[in-house]
$ cat final-v2.cif   # mmCIF, C-alpha atoms and all ligand atoms
data_upload
loop_
_atom_site.label_atom_id
_atom_site.label_comp_id
_atom_site.auth_asym_id
_atom_site.auth_seq_id
_atom_site.Cartn_x
_atom_site.Cartn_y
_atom_site.Cartn_z
CA MET A 1 -8.94 12.40 10.68
CA TYR A 2 -7.63 15.98 10.75
CA PRO A 3 -6.34 17.57 7.55
CA ASP A 4 -2.66 18.41 7.15
CA LYS A 5 -1.78 21.91 8.35
CA PHE A 6 -2.68 24.76 6.00
CA GLU A 7 -2.79 28.56 5.99
CA TYR A 8 -6.30 29.99 5.70
CA PHE A 9 -7.15 33.16 3.75
CA ALA A 10 -10.54 34.84 3.32
CA PRO A 11 -10.26 37.73 0.85
CA GLU A 12 -13.22 40.10 0.50
CA ASP A 13 -12.80 41.10 -3.13
CA ILE A 14 -11.64 39.56 -6.41
CA GLU A 15 -8.51 41.74 -6.62
CA SER A 16 -7.20 40.43 -3.28
CA LEU A 17 -8.07 36.89 -4.36
CA GLU A 18 -6.13 37.29 -7.63
CA LYS A 19 -3.06 38.45 -5.69
CA LEU A 20 -3.20 35.34 -3.49
CA LEU A 21 -3.68 33.01 -6.47
CA ASP A 22 -0.75 34.63 -8.31
CA LYS A 23 1.43 34.30 -5.23
CA PHE A 24 0.66 30.65 -4.42
CA GLN A 25 -0.21 29.18 -7.88
CA ASP A 26 -0.35 25.34 -7.52
CA ASP A 27 0.16 25.62 -3.73
CA ALA A 28 -3.33 27.04 -3.15
CA LYS A 29 -6.88 25.82 -3.52
CA ILE A 30 -10.13 27.76 -3.53
CA LEU A 31 -12.69 26.80 -0.88
CA ALA A 32 -16.33 27.45 -1.85
CA GLY A 33 -18.92 25.35 0.02
CA GLY A 34 -16.30 22.81 1.08
CA GLN A 35 -18.57 19.80 0.46
CA SER A 36 -16.06 18.16 -1.89
CA LEU A 37 -12.80 19.77 -0.78
CA ILE A 38 -13.11 19.36 3.00
CA PRO A 39 -13.78 15.59 2.90
CA LEU A 40 -10.73 15.21 0.60
CA LEU A 41 -8.58 17.17 3.05
CA LYS A 42 -9.91 15.33 6.09
CA LEU A 43 -9.34 11.93 4.50
CA ARG A 44 -5.88 13.20 3.49
CA PHE A 45 -6.50 12.29 -0.14
CA THR A 46 -5.04 15.72 -0.76
CA SER A 47 -2.96 18.20 1.17
CA ILE A 48 -2.75 21.88 0.30
CA PRO A 49 -0.57 24.47 2.05
CA ASN A 50 -2.92 27.43 1.39
CA ILE A 51 -6.72 27.43 1.40
CA ILE A 52 -8.48 30.51 0.03
CA ASP A 53 -12.09 30.79 1.20
CA ILE A 54 -14.19 32.81 -1.27
CA ALA A 55 -17.39 32.93 0.81
CA ASN A 56 -16.85 36.59 1.79
CA ILE A 57 -16.54 37.85 -1.80
CA LYS A 58 -19.98 39.39 -2.40
CA GLU A 59 -19.32 39.89 -6.14
CA LEU A 60 -19.42 36.09 -6.56
CA ASN A 61 -22.89 35.68 -5.06
CA PHE A 62 -25.60 36.97 -7.42
CA ILE A 63 -28.49 35.89 -9.63
CA ASP A 64 -29.03 38.29 -12.55
CA GLY A 65 -32.04 37.86 -14.84
CA SER A 66 -31.70 41.16 -16.71
CA ASP A 67 -30.36 39.60 -19.94
CA GLY A 68 -30.85 35.84 -20.02
CA LEU A 69 -29.68 34.36 -16.74
CA LYS A 70 -26.32 34.83 -15.06
CA ILE A 71 -25.37 33.20 -11.79
CA GLY A 72 -22.43 33.80 -9.47
CA PRO A 73 -20.41 30.70 -8.53
CA MET A 74 -21.02 31.22 -4.78
CA VAL A 75 -24.79 30.79 -5.07
CA ARG A 76 -25.64 27.81 -2.86
CA THR A 77 -27.26 24.75 -4.43
CA ALA A 78 -30.33 25.17 -2.16
CA GLU A 79 -30.84 28.70 -3.51
CA VAL A 80 -30.48 27.48 -7.11
CA ALA A 81 -33.22 24.91 -6.37
CA ARG A 82 -35.70 27.36 -4.80
CA ASN A 83 -35.02 30.69 -6.55
CA ARG A 84 -38.12 31.93 -8.45
CA LEU A 85 -36.18 33.67 -11.22
CA ILE A 86 -34.17 30.51 -11.95
CA LYS A 87 -37.37 28.42 -11.93
CA GLN A 88 -38.98 30.81 -14.40
CA LYS A 89 -35.99 31.20 -16.74
CA CYS A 90 -34.56 27.71 -16.55
CA ASN A 91 -36.58 25.03 -14.78
CA LEU A 92 -34.04 22.32 -15.72
CA LEU A 93 -31.47 24.00 -13.48
CA SER A 94 -33.77 24.21 -10.43
CA ASP A 95 -34.95 20.65 -10.96
CA ALA A 96 -31.38 19.29 -11.11
CA ALA A 97 -30.27 21.35 -8.08
CA SER A 98 -33.19 20.04 -6.01
CA LYS A 99 -31.96 16.48 -6.69
CA ILE A 100 -28.39 17.04 -5.46
CA ALA A 101 -27.53 15.22 -2.22
CA ASP A 102 -29.48 16.25 0.90
CA PRO A 103 -30.50 19.59 2.49
CA GLN A 104 -27.23 19.90 4.47
CA VAL A 105 -25.05 19.49 1.37
CA ARG A 106 -27.33 21.74 -0.71
CA ASN A 107 -27.24 24.47 1.97
CA MET A 108 -23.42 24.59 1.90
CA GLY A 109 -22.43 23.41 -1.61
CA THR A 110 -22.32 25.97 -4.42
CA ILE A 111 -23.13 25.87 -8.10
CA GLY A 112 -19.56 26.99 -8.93
CA GLY A 113 -18.02 24.31 -6.73
CA ASP A 114 -20.16 21.59 -8.32
CA VAL A 115 -19.05 22.70 -11.78
CA CYS A 116 -15.36 23.20 -10.87
CA GLU A 117 -15.03 19.93 -8.98
CA ALA A 118 -15.95 18.16 -12.27
CA ASP A 119 -16.47 14.85 -10.51
CA PRO A 120 -18.00 12.67 -13.30
CA ARG A 121 -20.86 11.94 -10.85
CA ASN A 122 -21.60 15.61 -10.15
CA ASP A 123 -24.95 16.71 -11.54
CA MET A 124 -24.28 20.28 -12.67
CA PRO A 125 -21.76 19.62 -15.49
CA ALA A 126 -24.29 17.68 -17.64
CA VAL A 127 -26.92 20.35 -16.95
CA MET A 128 -24.49 23.06 -18.10
CA LEU A 129 -23.82 21.09 -21.32
CA ALA A 130 -27.55 20.64 -22.00
CA LEU A 131 -28.02 24.41 -21.48
CA ASN A 132 -25.06 25.43 -23.69
CA ALA A 133 -23.83 27.45 -20.72
CA GLU A 134 -20.71 29.60 -20.82
CA PHE A 135 -18.27 30.24 -18.01
CA GLU A 136 -16.53 33.51 -17.24
CA ILE A 137 -13.07 32.79 -15.87
CA THR A 138 -11.05 35.56 -14.21
CA GLY A 139 -7.34 35.88 -13.43
CA SER A 140 -4.87 38.72 -13.03
CA SER A 141 -4.20 38.52 -16.79
CA GLY A 142 -7.85 39.22 -17.61
CA ILE A 143 -11.27 37.69 -18.14
CA ARG A 144 -12.07 34.98 -20.67
CA THR A 145 -15.30 33.16 -21.55
CA VAL A 146 -15.34 29.43 -22.22
CA LYS A 147 -18.15 27.28 -23.61
CA ALA A 148 -19.28 24.34 -21.46
CA THR A 149 -18.11 21.93 -24.20
CA ASP A 150 -14.56 23.30 -23.80
CA PHE A 151 -14.69 23.63 -20.01
CA PHE A 152 -14.90 19.99 -18.88
CA LYS A 153 -11.59 18.44 -19.88
CA ASP A 154 -11.57 15.14 -18.00
CA ALA A 155 -12.54 13.65 -14.64
CA TYR A 156 -11.87 16.34 -11.98
CA THR A 157 -10.24 18.56 -14.61
CA THR A 158 -11.62 21.80 -16.03
CA ASP A 159 -10.23 24.64 -18.11
CA VAL A 160 -9.73 26.83 -14.98
CA ARG A 161 -5.96 27.34 -14.42
CA PRO A 162 -4.38 27.41 -10.92
CA ASN A 163 -4.22 31.23 -10.85
CA GLU A 164 -7.79 31.69 -12.13
CA ILE A 165 -11.31 31.52 -10.71
CA LEU A 166 -14.75 30.89 -12.13
CA THR A 167 -16.59 34.21 -11.69
CA LYS A 168 -19.84 33.85 -13.65
CA ILE A 169 -22.08 31.16 -15.15
CA ILE A 170 -23.89 32.46 -18.22
CA ILE A 171 -27.15 30.74 -19.18
CA GLY A 172 -29.67 31.89 -21.79
CA ASP A 173 -33.35 32.62 -21.22
CA TYR A 174 -35.08 29.25 -21.39
CA SER A 175 -38.49 30.40 -20.18
CA LYS A 176 -40.15 28.97 -23.32
CA TYR A 177 -38.41 25.62 -22.80
CA TYR A 178 -39.15 22.78 -20.45
CA GLY A 179 -36.39 20.70 -18.94
CA LYS A 180 -36.00 17.87 -16.51
CA TYR A 181 -33.09 16.06 -14.86
CA PHE A 182 -33.56 12.27 -14.86
CA LYS A 183 -31.35 10.88 -12.12
CA PHE A 184 -30.92 7.18 -11.39
CA THR A 185 -29.60 6.61 -7.87
CA THR A 186 -29.39 3.71 -5.47
CA LEU A 187 -29.83 6.12 -2.52
CA SER A 188 -32.18 9.07 -2.98
CA SER A 189 -29.78 11.61 -1.47
CA ASP A 190 -26.63 10.47 -3.21
CA PHE A 191 -24.59 10.87 -6.37
CA PRO A 192 -26.24 9.32 -9.43
CA VAL A 193 -25.35 5.94 -10.93
CA PHE A 194 -26.03 7.95 -14.08
CA ALA A 195 -28.32 10.78 -15.15
CA ILE A 196 -29.66 12.59 -18.19
CA ALA A 197 -30.34 16.34 -18.44
CA VAL A 198 -32.96 17.25 -21.07
CA ASN A 199 -33.87 20.80 -22.14
CA MET A 200 -36.41 21.13 -24.96
CA SER A 201 -38.58 23.52 -26.93
CA VAL A 202 -41.32 22.50 -29.38
CA GLY A 203 -42.37 24.39 -32.54
CA ASN A 204 -45.89 25.24 -33.77
CA ASP A 205 -45.81 22.11 -35.95
CA LYS A 206 -45.35 20.04 -32.76
CA THR A 207 -41.89 18.84 -33.73
CA ILE A 208 -38.89 19.29 -31.43
CA ASN A 209 -37.54 22.75 -32.15
CA ASP A 210 -34.48 22.88 -29.92
CA LEU A 211 -32.94 20.26 -27.66
CA GLY A 212 -30.07 20.01 -25.20
CA ILE A 213 -28.95 16.66 -23.77
CA GLY A 214 -26.20 16.22 -21.16
CA LEU A 215 -25.09 12.90 -19.66
CA THR A 216 -23.77 12.36 -16.12
CA ASN A 217 -21.40 9.53 -15.11
CA LEU A 218 -21.63 7.73 -18.43
CA ASN A 219 -18.09 8.61 -19.47
CA THR A 220 -14.93 9.95 -17.81
CA THR A 221 -16.54 13.39 -17.74
CA ALA A 222 -20.00 14.81 -18.43
CA VAL A 223 -20.78 14.76 -22.16
CA LYS A 224 -23.13 16.59 -24.49
CA ALA A 225 -24.93 14.23 -26.88
CA VAL A 226 -24.73 16.57 -29.87
CA ASP A 227 -25.60 13.94 -32.53
CA VAL A 228 -28.72 12.95 -30.60
CA GLU A 229 -29.76 16.60 -30.21
CA GLU A 230 -29.36 17.22 -33.95
CA PHE A 231 -31.08 13.96 -34.92
CA LEU A 232 -34.20 14.68 -32.85
CA LYS A 233 -34.61 18.30 -33.92
CA GLY A 234 -37.50 18.69 -36.42
CA LYS A 235 -38.96 15.31 -35.40
CA LYS A 236 -41.72 14.00 -33.14
CA PRO A 237 -40.37 11.50 -30.61
CA ASP A 238 -42.24 8.34 -31.64
CA ASP A 239 -40.95 4.88 -30.66
CA ASN A 240 -38.96 4.25 -33.87
CA THR A 241 -37.34 7.68 -33.78
CA LEU A 242 -36.34 7.20 -30.14
CA GLU A 243 -34.90 3.76 -30.86
CA SER A 244 -32.66 5.29 -33.53
CA ALA A 245 -31.81 8.18 -31.20
CA PHE A 246 -30.73 5.76 -28.48
CA LYS A 247 -28.34 4.02 -30.91
CA LYS A 248 -26.69 7.42 -31.43
CA LEU A 249 -26.62 8.02 -27.67
CA GLU A 250 -24.66 4.78 -27.16
CA SER A 251 -21.64 6.26 -28.95
CA TYR A 252 -21.23 8.79 -26.09
CA ILE A 253 -21.11 6.12 -23.39
CA ASP A 254 -18.04 4.46 -21.95
CA ILE A 255 -18.95 2.50 -18.80
CA GLU A 256 -17.96 -0.80 -17.24
CA ASP A 257 -19.46 -3.31 -14.83
CA ASP A 258 -19.15 -1.97 -11.27
CA VAL A 259 -20.74 -2.21 -7.80
CA ASN A 260 -23.91 -0.60 -9.17
CA GLY A 261 -24.48 -3.33 -11.77
CA THR A 262 -23.28 -4.80 -15.01
CA LYS A 263 -22.85 -2.59 -18.04
CA ASP A 264 -25.70 -4.46 -19.81
CA HIS A 265 -28.07 -3.90 -16.91
CA LYS A 266 -27.20 -0.20 -16.70
CA MET A 267 -27.69 0.19 -20.47
CA GLU A 268 -31.16 -1.36 -20.19
CA ILE A 269 -32.18 1.12 -17.50
CA LEU A 270 -30.62 3.99 -19.43
CA ASN A 271 -32.54 3.01 -22.57
CA GLU A 272 -35.88 3.19 -20.72
CA MET A 273 -34.91 6.36 -18.89
CA PHE A 274 -33.85 8.12 -22.09
CA LYS A 275 -36.92 7.23 -24.16
CA ASN A 276 -39.41 7.88 -21.36
CA GLY A 277 -37.59 11.09 -20.43
CA ILE A 278 -37.74 12.57 -23.92
CA LYS A 279 -41.42 11.57 -24.22
CA GLU A 280 -42.23 13.09 -20.83
CA VAL A 281 -40.59 16.44 -21.57
CA TYR A 282 -42.17 16.57 -25.04
CA GLY A 283 -45.57 15.66 -23.51
CA VAL A 284 -45.40 18.46 -20.95
CA LEU A 285 -44.58 21.00 -23.69
CA ASN A 286 -47.47 19.81 -25.85
CA ASP A 287 -49.93 19.95 -22.98
CA GLY A 288 -48.83 23.55 -22.38
CA LYS A 289 -48.46 22.84 -18.68
CA HIS A 290 -44.92 24.08 -18.17
C1 LIG A 301 -22.70 13.35 1.10
C2 LIG A 301 -22.52 14.12 -0.18
C3 LIG A 301 -23.36 13.83 -1.24
C4 LIG A 301 -23.21 14.53 -2.44
N1 LIG A 301 -24.07 14.25 -3.48
C5 LIG A 301 -23.97 14.96 -4.62
C6 LIG A 301 -24.86 14.72 -5.71
O1 LIG A 301 -25.79 13.93 -5.64
N2 LIG A 301 -24.69 15.46 -6.84
C7 LIG A 301 -23.71 16.40 -6.95
O2 LIG A 301 -23.62 17.05 -8.00
N3 LIG A 301 -22.85 16.65 -5.95
C8 LIG A 301 -22.96 15.96 -4.80
N4 LIG A 301 -22.09 16.21 -3.77
C9 LIG A 301 -21.04 17.21 -3.99
C10 LIG A 301 -21.57 18.57 -3.60
O3 LIG A 301 -22.58 18.98 -4.51
C11 LIG A 301 -20.47 19.64 -3.58
O4 LIG A 301 -21.06 20.72 -2.98
C12 LIG A 301 -19.88 20.09 -4.88
O5 LIG A 301 -19.28 19.02 -5.58
C13 LIG A 301 -18.76 21.10 -4.64
O6 LIG A 301 -19.27 22.32 -4.27
P1 LIG A 301 -18.65 23.14 -3.07
O7 LIG A 301 -19.22 24.51 -3.16
O8 LIG A 301 -18.86 22.40 -1.83
O9 LIG A 301 -17.11 23.21 -3.53
P2 LIG A 301 -15.78 22.96 -2.73
O10 LIG A 301 -15.79 21.60 -2.11
O11 LIG A 301 -15.48 24.10 -1.85
O12 LIG A 301 -14.77 22.98 -3.97
C14 LIG A 301 -14.77 21.96 -4.93
C15 LIG A 301 -13.65 22.23 -5.96
O13 LIG A 301 -13.97 23.31 -6.80
C16 LIG A 301 -13.00 24.36 -6.69
N5 LIG A 301 -13.75 25.61 -6.78
C17 LIG A 301 -14.86 25.93 -6.08
N6 LIG A 301 -15.35 27.12 -6.48
C18 LIG A 301 -14.52 27.56 -7.45
C19 LIG A 301 -14.50 28.73 -8.26
N7 LIG A 301 -15.44 29.69 -8.16
N8 LIG A 301 -13.51 28.87 -9.18
C20 LIG A 301 -12.54 27.91 -9.30
N9 LIG A 301 -12.52 26.77 -8.56
C21 LIG A 301 -13.49 26.61 -7.64
C22 LIG A 301 -12.30 24.11 -5.38
O14 LIG A 301 -10.98 24.63 -5.38
C23 LIG A 301 -12.31 22.59 -5.30
O15 LIG A 301 -11.28 22.05 -6.09
C24 LIG A 301 -22.20 15.53 -2.58
C25 LIG A 301 -21.35 15.81 -1.49
C26 LIG A 301 -21.51 15.12 -0.31
C27 LIG A 301 -20.63 15.45 0.85
#
$ encode --input "final-v2.cif" --output "structure tokens" --more "lines below"
Ligand SMILES: Cc1cc2nc3c(=O)[nH]c(=O)nc-3n(C[C@H](O)[C@H](O)[C@H](O)COP(=O)(O)OP(=O)(O)OC[C@H]3O[C@@H](n4cnc5c(N)ncnc54)[C@H](O)[C@@H]3O)c2cc1C
Amino acid sequence: MYPDKFEYFAPEDIESLEKLLDKFQDDAKILAGGQSLIPLLKLRFTSIPNIIDIANIKELNFIDGSDGLKIGPMVRTAEVARNRLIKQKCNLLSDAASKIADPQVRNMGTIGGDVCEADPRNDMPAVMLALNAEFEITGSSGIRTVKATDFFKDAYTTDVRPNEILTKIIIGDYSKYYGKYFKFTTLSSDFPVFAIAVNMSVGNDKTINDLGIGLTNLNTTAVKAVDVEEFLKGKKPDDNTLESAFKKLESYIDIEDDVNGTKDHKMEILNEMFKNGIKEVYGVLNDGKH
């Protein structure tokens, strides 16, 4: 199917973009990689009179490792997966990006689009929560910075207002951490049934020093399992500790039976995935192989 008619704009700087957003407000939508928006338009699930393509705005396409790690929203998912600086400073992010969809989608889709789409099945929101990322949001009234925990409001809803744009993703330096994205899918190149993002550091006493846990598609939006993070800090992840941690994790989950399986079946798989995942990440850190 063809989309409804729309006007197409391709500004080359943020100032011109802001003017367009101010002019059109709710009657415009930003186009990044188009991997979520274009299918919606073509299926006529949505119709928007003005599309603003941000691919030509060079200021939105950067990877800056000078102080922690900062990434522009127009960086393509494939670049996030293969970039050496990102691998070195935050291996969780490259691991998760490499597990998104297939090469075609990764070559077009962007990190900013994945975050802003806020589909509960999208992989980046949980990763951002595990990493305690912050988002720089820009509009004609100024720039504001929002924590990941305040950014994801609900399914397909973020804190970005109609006349604003995500301009920067701010991530710390996690080079002393090890992280992994555990993704359970029915098709290897598809959205997850559910997933867990784990980012961990271990202290000299071999207990968990710092921990970030984000959950994908286990609630109406990605969630950060703060109680589980706090509970596991200062501990070694033995079987009893992980059993107690999983009980805490359950309070963050709100799922039903669906085409992918019953709730009970999914919880069984999640239980195994969570415990094995924490043990695996902890094991890698203790072997010093990261
Ligand atoms: C077959 C297929 C499989 C997929 N599998 C997965 C998967 O396994 N995991 C996964 O995470 N995703 C998956 N996706 C989604 C894919 O990762 C998309 O690329 C992503 O959701 C959106 O990124 P985009 O750059 O294409 O954004 P677009 O589609 O261009 O935009 C998405 C939304 O974000 C808004 N937006 C984009 N950039 C900004 C910005 N800078 N500021 C404000 N708003 C902005 C747009 O207005 C739009 O509402 C899949 C998509 C397809 C087609």
$ closest_residue --input "final-v2.cif" --among "A:Val202, A:Ile170, A:Ala32, A:Met128" --to "Asn286 of chain A" --atoms "only C-alpha atoms"
A:Val202
$ atom_distance --input "final-v2.cif" --atom1 "atom CA of Met74 of chain A" --atom2 "atom CA of Val193 of chain A"
26.4 Å
$ atom_distance --input "final-v2.cif" --atom1 "atom CA of Ile269 of chain A" --atom2 "atom CA of Asp102 of chain A"
24.0 Å
$ residues_around --input "final-v2.cif" --residues "Lys58 of chain A" --least-positions-apart "5" --cutoff "10 Å" --atoms "all atoms listed in the file" --output "list in words"
Glu12, Asp13, Ile14, Gly72 and Met74 of chain A
$ closest_residue --input "final-v2.cif" --among "A:Ser244, A:Asn271, A:Thr220, A:Thr110" --to "ligand LIG 301 (chain A)" --atoms "only C-alpha atoms and all ligand atoms"
A:Thr110
$ closest_residue --input "final-v2.cif" --among "A:Ile38, A:Cys90, A:Leu129, A:Val75" --to "Arg106 of chain A" --atoms "all atoms listed in the file"
A:Val75
$ residues_near_ligand --input "final-v2.cif" --ligand "ligand LIG 301 (chain A)" --cutoff "8 Å" --atoms "only C-alpha atoms and all ligand atoms" --output "PyMOL selection string"
chain A and resi 29-39+54+60+73-74+76-77+97+99-102+105-106+108-119+121-124+137+160+164-167+189-192
$ closest_residue --input "final-v2.cif" --among "A:His265, A:Lys42, A:Lys89, A:Lys19" --to "Tyr177 of chain A" --atoms "all atoms listed in the file"
A:Lys89
$ atom_distance --input "final-v2.cif" --atom1 "atom CA of Pro3 of chain A" --atom2 "atom CA of Asn56 of chain A"
22.5 Å
$ closest_residue --input "final-v2.cif" --among "A:Glu7, A:Leu93, A:Pro49, A:Asp287" --to "Ala81 of chain A" --atoms "only C-alpha atoms"
A:Leu93
$ closest_residue --input "final-v2.cif" --among "A:Asp67, A:Glu59, A:Glu229, A:Glu15" --to "Phe246 of chain A" --atoms "all atoms listed in the file"
A:Glu229
$ residues_around --input "final-v2.cif" --residues "Gly203 of chain A" --least-positions-apart "6" --cutoff "9 Å" --atoms "all atoms listed in the file" --output "MDAnalysis selection string"
chainID A and resid 209:210 234
$ write_last_selection --input "final-v2.cif" --atoms "C-alpha atoms" --output "mmCIF file, in the coordinates of the input"
data_model
loop_
_atom_site.group_PDB
_atom_site.id
_atom_site.type_symbol
_atom_site.label_atom_id
_atom_site.label_comp_id
_atom_site.auth_asym_id
_atom_site.auth_seq_id
_atom_site.Cartn_x
_atom_site.Cartn_y
_atom_site.Cartn_z
ATOM 1 C CA ASN A 209 -37.540 22.750 -32.150
ATOM 2 C CA ASP A 210 -34.480 22.880 -29.920
ATOM 3 C CA GLY A 234 -37.500 18.690 -36.420
#
$ residues_around --input "final-v2.cif" --residues "Ser201 of chain A" --least-positions-apart "6" --cutoff "12 Å" --atoms "only C-alpha atoms" --output "VMD selection string"
chain A and resid 90 131 173 to 179 207 to 212 229 232 to 236 278 281 to 286 288 290
$ axis_aligned_box --input "final-v2.cif" --around "segment 238-256 of chain A" --padding-each-side "3 Å" --output "AutoDock Vina command-line options"
--center_x -30.1 --center_y 4.0 --center_z -25.6 --size_x 30.3 --size_y 15.6 --size_z 22.6
$ residues_around --input "final-v2.cif" --residues "Gly277 of chain A" --least-positions-apart "5" --cutoff "9 Å" --atoms "only C-alpha atoms" --output "ChimeraX atom specification"
/A:180-182,196,198,272,282
$ build_atoms --input "final-v2.cif" --residues "segment 186-202 of chain A" --atoms "N, CA, C and O atoms" --output "JSON list (two decimals), keeping the file's coordinate frame"
[["chain", "number", "residue", "atom", "x", "y", "z"],
["A", 186, "THR", "N", -29.04, 4.83, -6.33],
["A", 186, "THR", "CA", -29.39, 3.71, -5.47],
["A", 186, "THR", "C", -29.85, 4.23, -4.10],
["A", 186, "THR", "O", -30.60, 3.59, -3.40],
["A", 187, "LEU", "N", -29.39, 5.43, -3.74],
["A", 187, "LEU", "CA", -29.83, 6.12, -2.52],
["A", 187, "LEU", "C", -30.37, 7.47, -2.94],
["A", 187, "LEU", "O", -29.71, 8.18, -3.69],
["A", 188, "SER", "N", -31.55, 7.86, -2.44],
["A", 188, "SER", "CA", -32.18, 9.07, -2.98],
["A", 188, "SER", "C", -31.33, 10.32, -2.78],
["A", 188, "SER", "O", -31.42, 11.26, -3.55],
["A", 189, "SER", "N", -30.50, 10.37, -1.74],
["A", 189, "SER", "CA", -29.78, 11.61, -1.47],
["A", 189, "SER", "C", -28.31, 11.51, -1.90],
["A", 189, "SER", "O", -27.45, 12.15, -1.32],
["A", 190, "ASP", "N", -28.03, 10.71, -2.88],
["A", 190, "ASP", "CA", -26.63, 10.47, -3.21],
["A", 190, "ASP", "C", -26.31, 10.85, -4.66],
["A", 190, "ASP", "O", -27.18, 11.24, -5.43],
["A", 191, "PHE", "N", -25.03, 10.68, -4.99],
["A", 191, "PHE", "CA", -24.59, 10.87, -6.37],
["A", 191, "PHE", "C", -25.35, 9.88, -7.27],
["A", 191, "PHE", "O", -25.74, 8.80, -6.82],
["A", 192, "PRO", "N", -25.51, 10.23, -8.54],
["A", 192, "PRO", "CA", -26.24, 9.32, -9.43],
["A", 192, "PRO", "C", -25.37, 8.14, -9.89],
["A", 192, "PRO", "O", -24.15, 8.28, -10.00],
["A", 193, "VAL", "N", -26.03, 7.00, -10.16],
["A", 193, "VAL", "CA", -25.35, 5.94, -10.93],
["A", 193, "VAL", "C", -25.11, 6.51, -12.33],
["A", 193, "VAL", "O", -24.04, 6.41, -12.89],
["A", 194, "PHE", "N", -26.15, 7.13, -12.87],
["A", 194, "PHE", "CA", -26.03, 7.95, -14.08],
["A", 194, "PHE", "C", -27.25, 8.88, -14.14],
["A", 194, "PHE", "O", -28.22, 8.68, -13.39],
["A", 195, "ALA", "N", -27.20, 9.85, -15.02],
["A", 195, "ALA", "CA", -28.32, 10.78, -15.15],
["A", 195, "ALA", "C", -28.32, 11.42, -16.53],
["A", 195, "ALA", "O", -27.30, 11.43, -17.22],
["A", 196, "ILE", "N", -29.51, 11.92, -16.89],
["A", 196, "ILE", "CA", -29.66, 12.59, -18.19],
["A", 196, "ILE", "C", -30.34, 13.95, -17.96],
["A", 196, "ILE", "O", -31.41, 14.01, -17.35],
["A", 197, "ALA", "N", -29.73, 15.01, -18.49],
["A", 197, "ALA", "CA", -30.34, 16.34, -18.44],
["A", 197, "ALA", "C", -30.97, 16.61, -19.81],
["A", 197, "ALA", "O", -30.30, 16.46, -20.84],
["A", 198, "VAL", "N", -32.25, 16.99, -19.80],
["A", 198, "VAL", "CA", -32.96, 17.25, -21.07],
["A", 198, "VAL", "C", -33.56, 18.66, -21.02],
["A", 198, "VAL", "O", -34.26, 19.00, -20.06],
["A", 199, "ASN", "N", -33.29, 19.46, -22.03],
["A", 199, "ASN", "CA", -33.87, 20.80, -22.14],
["A", 199, "ASN", "C", -34.45, 20.94, -23.55],
["A", 199, "ASN", "O", -33.72, 20.79, -24.52],
["A", 200, "MET", "N", -35.77, 21.22, -23.65],
["A", 200, "MET", "CA", -36.41, 21.13, -24.96],
["A", 200, "MET", "C", -37.37, 22.28, -25.22],
["A", 200, "MET", "O", -37.98, 22.82, -24.31],
["A", 201, "SER", "N", -37.47, 22.66, -26.50],
["A", 201, "SER", "CA", -38.58, 23.52, -26.93],
["A", 201, "SER", "C", -39.25, 22.83, -28.11],
["A", 201, "SER", "O", -38.62, 22.05, -28.83],
["A", 202, "VAL", "N", -40.55, 23.13, -28.31],
["A", 202, "VAL", "CA", -41.32, 22.50, -29.38],
["A", 202, "VAL", "C", -41.90, 23.60, -30.27],
["A", 202, "VAL", "O", -42.32, 24.64, -29.78]]
